[in-house]
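structure.txt (compact mmCIF, C-alpha atoms)
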# COMPACT_ATOMS: atom_id res chain seq x y z
CA MET A 32 -10.34 -5.54 29.24
CA PHE A 33 -13.73 -3.83 28.89
CA LYS A 34 -12.07 -0.43 28.41
CA THR A 35 -9.79 -1.87 25.71
CA CYS A 36 -12.75 -3.45 23.91
CA LEU A 37 -14.82 -0.29 24.28
CA PHE A 38 -11.92 1.82 23.06
CA SER A 39 -11.46 -0.40 19.99
CA SER A 40 -15.16 -0.15 19.24
CA THR A 41 -15.19 3.59 19.69
CA LEU A 42 -12.12 3.97 17.51
CA ALA A 43 -13.95 2.03 14.81
CA LEU A 44 -16.91 4.40 15.06
CA VAL A 45 -14.60 7.39 15.02
CA ALA A 46 -12.69 6.08 12.02
CA VAL A 47 -15.86 5.69 10.03
CA LEU A 48 -17.00 9.17 10.95
CA ALA A 49 -13.63 10.73 10.28
CA SER A 50 -13.04 9.07 6.94
CA PRO A 51 -11.82 11.67 4.45
CA SER A 52 -13.57 9.89 1.59
CA ILE A 53 -16.97 10.04 3.27
CA THR A 54 -18.39 13.30 4.54
CA LEU A 55 -19.94 13.62 7.97
CA ALA A 56 -23.27 14.37 6.29
CA ASP A 57 -23.00 11.10 4.33
CA ASN A 58 -22.30 9.16 7.52
CA VAL A 59 -25.11 10.81 9.46
CA GLY A 60 -27.48 10.26 6.53
CA LYS A 61 -26.53 6.59 6.30
CA LEU A 62 -26.79 6.20 10.05
CA ASP A 63 -30.18 7.92 10.10
CA ALA A 64 -31.45 5.60 7.35
CA ALA A 65 -30.07 2.50 9.09
CA PHE A 66 -31.53 3.66 12.40
CA LYS A 67 -34.98 4.19 10.86
CA ALA A 68 -34.87 0.79 9.17
CA ALA A 69 -33.93 -0.87 12.48
CA ASP A 70 -36.64 0.99 14.43
CA LYS A 71 -39.38 -1.57 13.68
CA ASP A 72 -41.96 -0.02 16.01
CA ASN A 73 -41.22 3.52 14.78
CA ASP A 74 -40.94 4.92 18.29
CA GLY A 75 -37.72 6.83 17.60
CA THR A 76 -35.59 4.52 19.73
CA LEU A 77 -34.00 1.10 19.42
CA ASP A 78 -34.34 -1.58 22.05
CA LYS A 79 -31.67 -4.28 22.30
CA GLN A 80 -33.46 -6.51 19.79
CA GLU A 81 -33.82 -3.74 17.20
CA ALA A 82 -30.22 -2.64 17.77
CA LYS A 83 -28.99 -6.01 16.50
CA ALA A 84 -29.53 -4.60 12.99
CA LEU A 85 -26.68 -2.15 13.76
CA PRO A 86 -23.86 -4.37 15.09
CA ARG A 87 -21.70 -1.55 16.46
CA VAL A 88 -24.68 -0.05 18.26
CA ALA A 89 -25.63 -3.47 19.61
CA LYS A 90 -22.06 -4.13 20.78
CA ASN A 91 -21.95 -0.81 22.66
CA PHE A 92 -25.63 -0.65 23.58
CA ASP A 93 -25.21 -0.24 27.35
CA ALA A 94 -22.56 2.45 26.94
CA ILE A 95 -24.69 4.32 24.39
CA ASP A 96 -27.84 4.13 26.53
CA ALA A 97 -26.96 7.23 28.55
CA ASP A 98 -30.28 7.52 30.39
CA LYS A 99 -30.36 3.75 31.11
CA ASP A 100 -33.95 3.38 29.92
CA GLY A 101 -33.23 0.21 27.92
CA THR A 102 -33.39 1.98 24.57
CA VAL A 103 -31.04 4.14 22.50
CA SER A 104 -32.07 7.19 20.56
CA MET A 105 -30.31 8.74 17.61
CA ASP A 106 -29.25 11.59 19.90
CA GLU A 107 -27.63 9.10 22.30
CA ILE A 108 -25.78 7.42 19.42
CA LYS A 109 -24.50 10.77 18.14
CA ALA A 110 -23.44 11.83 21.64
CA PHE A 111 -21.62 8.52 22.11
CA MET A 112 -19.83 8.94 18.79
CA LYS A 113 -18.81 12.49 19.65
CA GLN A 114 -17.48 11.36 23.03
CA ALA A 115 -15.70 8.41 21.40
CA LYS A 116 -14.01 10.71 18.92
CA HIS A 117 -12.85 12.95 21.74
CA GLU A 118 -11.60 9.99 23.80
CA GLY A 119 -9.81 8.45 20.82
CA ALA A 120 -8.01 11.69 20.04
CA ALA A 121 -7.14 12.18 23.72
CA ALA A 122 -5.80 8.61 24.02
CA PHE A 123 -3.67 9.10 20.91
CA LYS A 124 -2.35 12.42 22.20
CA LYS A 125 -1.58 10.91 25.60
CA ALA A 126 0.24 7.95 24.00
CA ASP A 127 2.28 10.30 21.78
CA ALA A 128 4.93 10.95 24.44
CA ASP A 129 7.25 12.93 22.17
CA ASN A 130 4.36 14.97 20.70
CA ASP A 131 5.42 14.35 17.10
CA GLY A 132 1.95 13.39 15.90
CA THR A 133 2.81 9.72 15.48
CA LEU A 134 3.24 6.67 17.68
CA ASP A 135 6.26 4.41 17.52
CA LYS A 136 5.95 0.81 18.73
CA GLU A 137 6.81 1.74 22.31
CA GLU A 138 4.26 4.57 22.45
CA ALA A 139 1.62 2.37 20.79
CA LYS A 140 1.71 0.02 23.79
CA ALA A 141 -0.52 2.56 25.53
CA MET A 142 -3.19 1.70 22.95
CA PRO A 143 -3.41 -2.13 22.91
CA GLY A 144 -5.53 -2.30 19.76
CA VAL A 145 -3.00 -0.16 17.90
CA ALA A 146 -0.03 -2.07 19.32
CA LYS A 147 -1.56 -5.41 18.33
CA ASN A 148 -2.06 -4.27 14.73
CA PHE A 149 0.91 -1.91 14.50
CA ASP A 150 2.56 -3.42 11.41
CA ALA A 151 -0.72 -3.56 9.52
CA ILE A 152 -1.56 0.03 10.47
CA ASP A 153 1.90 1.34 9.50
CA THR A 154 1.18 1.38 5.77
CA ASP A 155 4.11 3.62 4.84
CA HIS A 156 6.46 1.35 6.83
CA ASP A 157 8.22 4.24 8.55
CA GLY A 158 8.09 2.63 12.00
CA THR A 159 5.37 4.95 13.25
CA VAL A 160 1.60 5.20 12.96
CA SER A 161 -0.34 8.41 12.57
CA MET A 162 -3.96 9.05 13.41
CA ASP A 163 -4.68 9.04 9.66
CA GLU A 164 -3.15 5.56 9.35
CA ILE A 165 -5.22 4.34 12.29
CA LYS A 166 -8.38 5.77 10.70
CA ALA A 167 -7.55 4.16 7.36
CA PHE A 168 -6.93 0.81 9.05
CA MET A 169 -10.21 1.00 10.94
CA ASN A 170 -12.11 2.05 7.81
CA ALA A 171 -10.66 -0.92 5.92
CA LYS A 172 -11.51 -3.24 8.80
CA HIS A 173 -15.03 -1.80 8.95
CA ALA A 174 -15.49 -2.23 5.19
CA LYS A 175 -14.58 -5.93 5.46
CA THR A 176 -17.30 -6.50 8.07
CA GLN A 177 -20.09 -5.03 5.96
Please render this file's structure as structure tokens.
Amino acid sequence: MFKTCLFSSTLALVAVLASPSITLADNVGKLDAAFKAADKDNDGTLDKQEAKALPRVAKNFDAIDADKDGTVSMDEIKAFMKQAKHEGAAAFKKADADNDGTLDKEEAKAMPGVAKNFDAIDTDHDGTVSMDEIKAFMNAKHAKTQ
């Protein structure tokens, strides 16, 4: 259950970073600004209380806190996002049994969050979901929570 929840959260982070309408520089700039605003004591890290200002960081705080010092730095957040992107792509590739670049409903079962939302993700209604459709779905979901 934890891995499924963590994977869904990491996919959300990845989707925001990979959005074609927003450049990586825009995302990093926005994240930097949000991080600085949340860092109330200006020590360059966020403790759990400060991280509450960044819900996705707060939700994944323990996973992001690589050195287990009770705080997360911007470097730790970026490393977590990079790892999440890699894991999301690897999970998609592993689920894509026929290697056609899409998941049908059977293949999507390997990714519970995708399987659960399959019909909503499949915006072109072709019976498959692509990584682009997953990213678009996650971006839309992320936009609704802001």
*What is the CA of Ala68 (chain A)-CA of Ile108 (chain A) distance in Å, reported with one decimal?*
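Going from CA of Ala68 (chain A) over to CA of Ile108 (chain A) covers 15.2 Å.
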_Residue with smallest distance to Asp100 (chain A) - pool A:Lys113, A:Lys79, A:Lys140, A:Lys124, counting all atoms listed in the file_ =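 Ranked by minimum distance to Asp100 (chain A), first place goes to A:Lys79.
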*Skipping near chain neighbours, those fewer than 3 positions away, what residues fall within 10 Å of Asn148 (chain A) using all atoms listed in the file, listed as a PyMOL selection string?*
chain A and resi 139+143-145+151-153+165+168
*Excluding region 71-78 of chain A and residues on its chain fewer than 5 positions from it, collect all residues at most 10 Å away from it, counting all atoms listed in the file, and give them as a list in words.*
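Counting only the stated atoms, we get Phe66, Lys83, Ala84, Leu85, Val88, Ala89, Phe92, Asp96, Asp100, Gly101, Thr102, Val103, Ser104, Met105, Asp106 and Glu107 of chain A.
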*Pairwise distance for CA of Ala171 (chain A) and CA of Gly158 (chain A), rounded to one decimal in Å*: 20.0 Å
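Of note, CA of Thr133 (chain A) and CA of Val160 (chain A) are spaced 5.3 Å apart.
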*Go ahead and find all residues with at least one atom no further than 12 Å from (-1.5, 11.5, 19.6) in the file's coordinates, using all atoms listed in the file; report them as a VMD selection string.*
chain A and resid 117 to 135 138 to 139 141 to 142 145 159 to 165
_Selected residue of minimal separation from Ala97 (chain A) among A:Lys61, A:Phe111, A:Lys136, A:Thr154, counting only C-alpha atoms_ =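 Looking only at the distances to Ala97 (chain A), the closest residue turns out to be A:Phe111.
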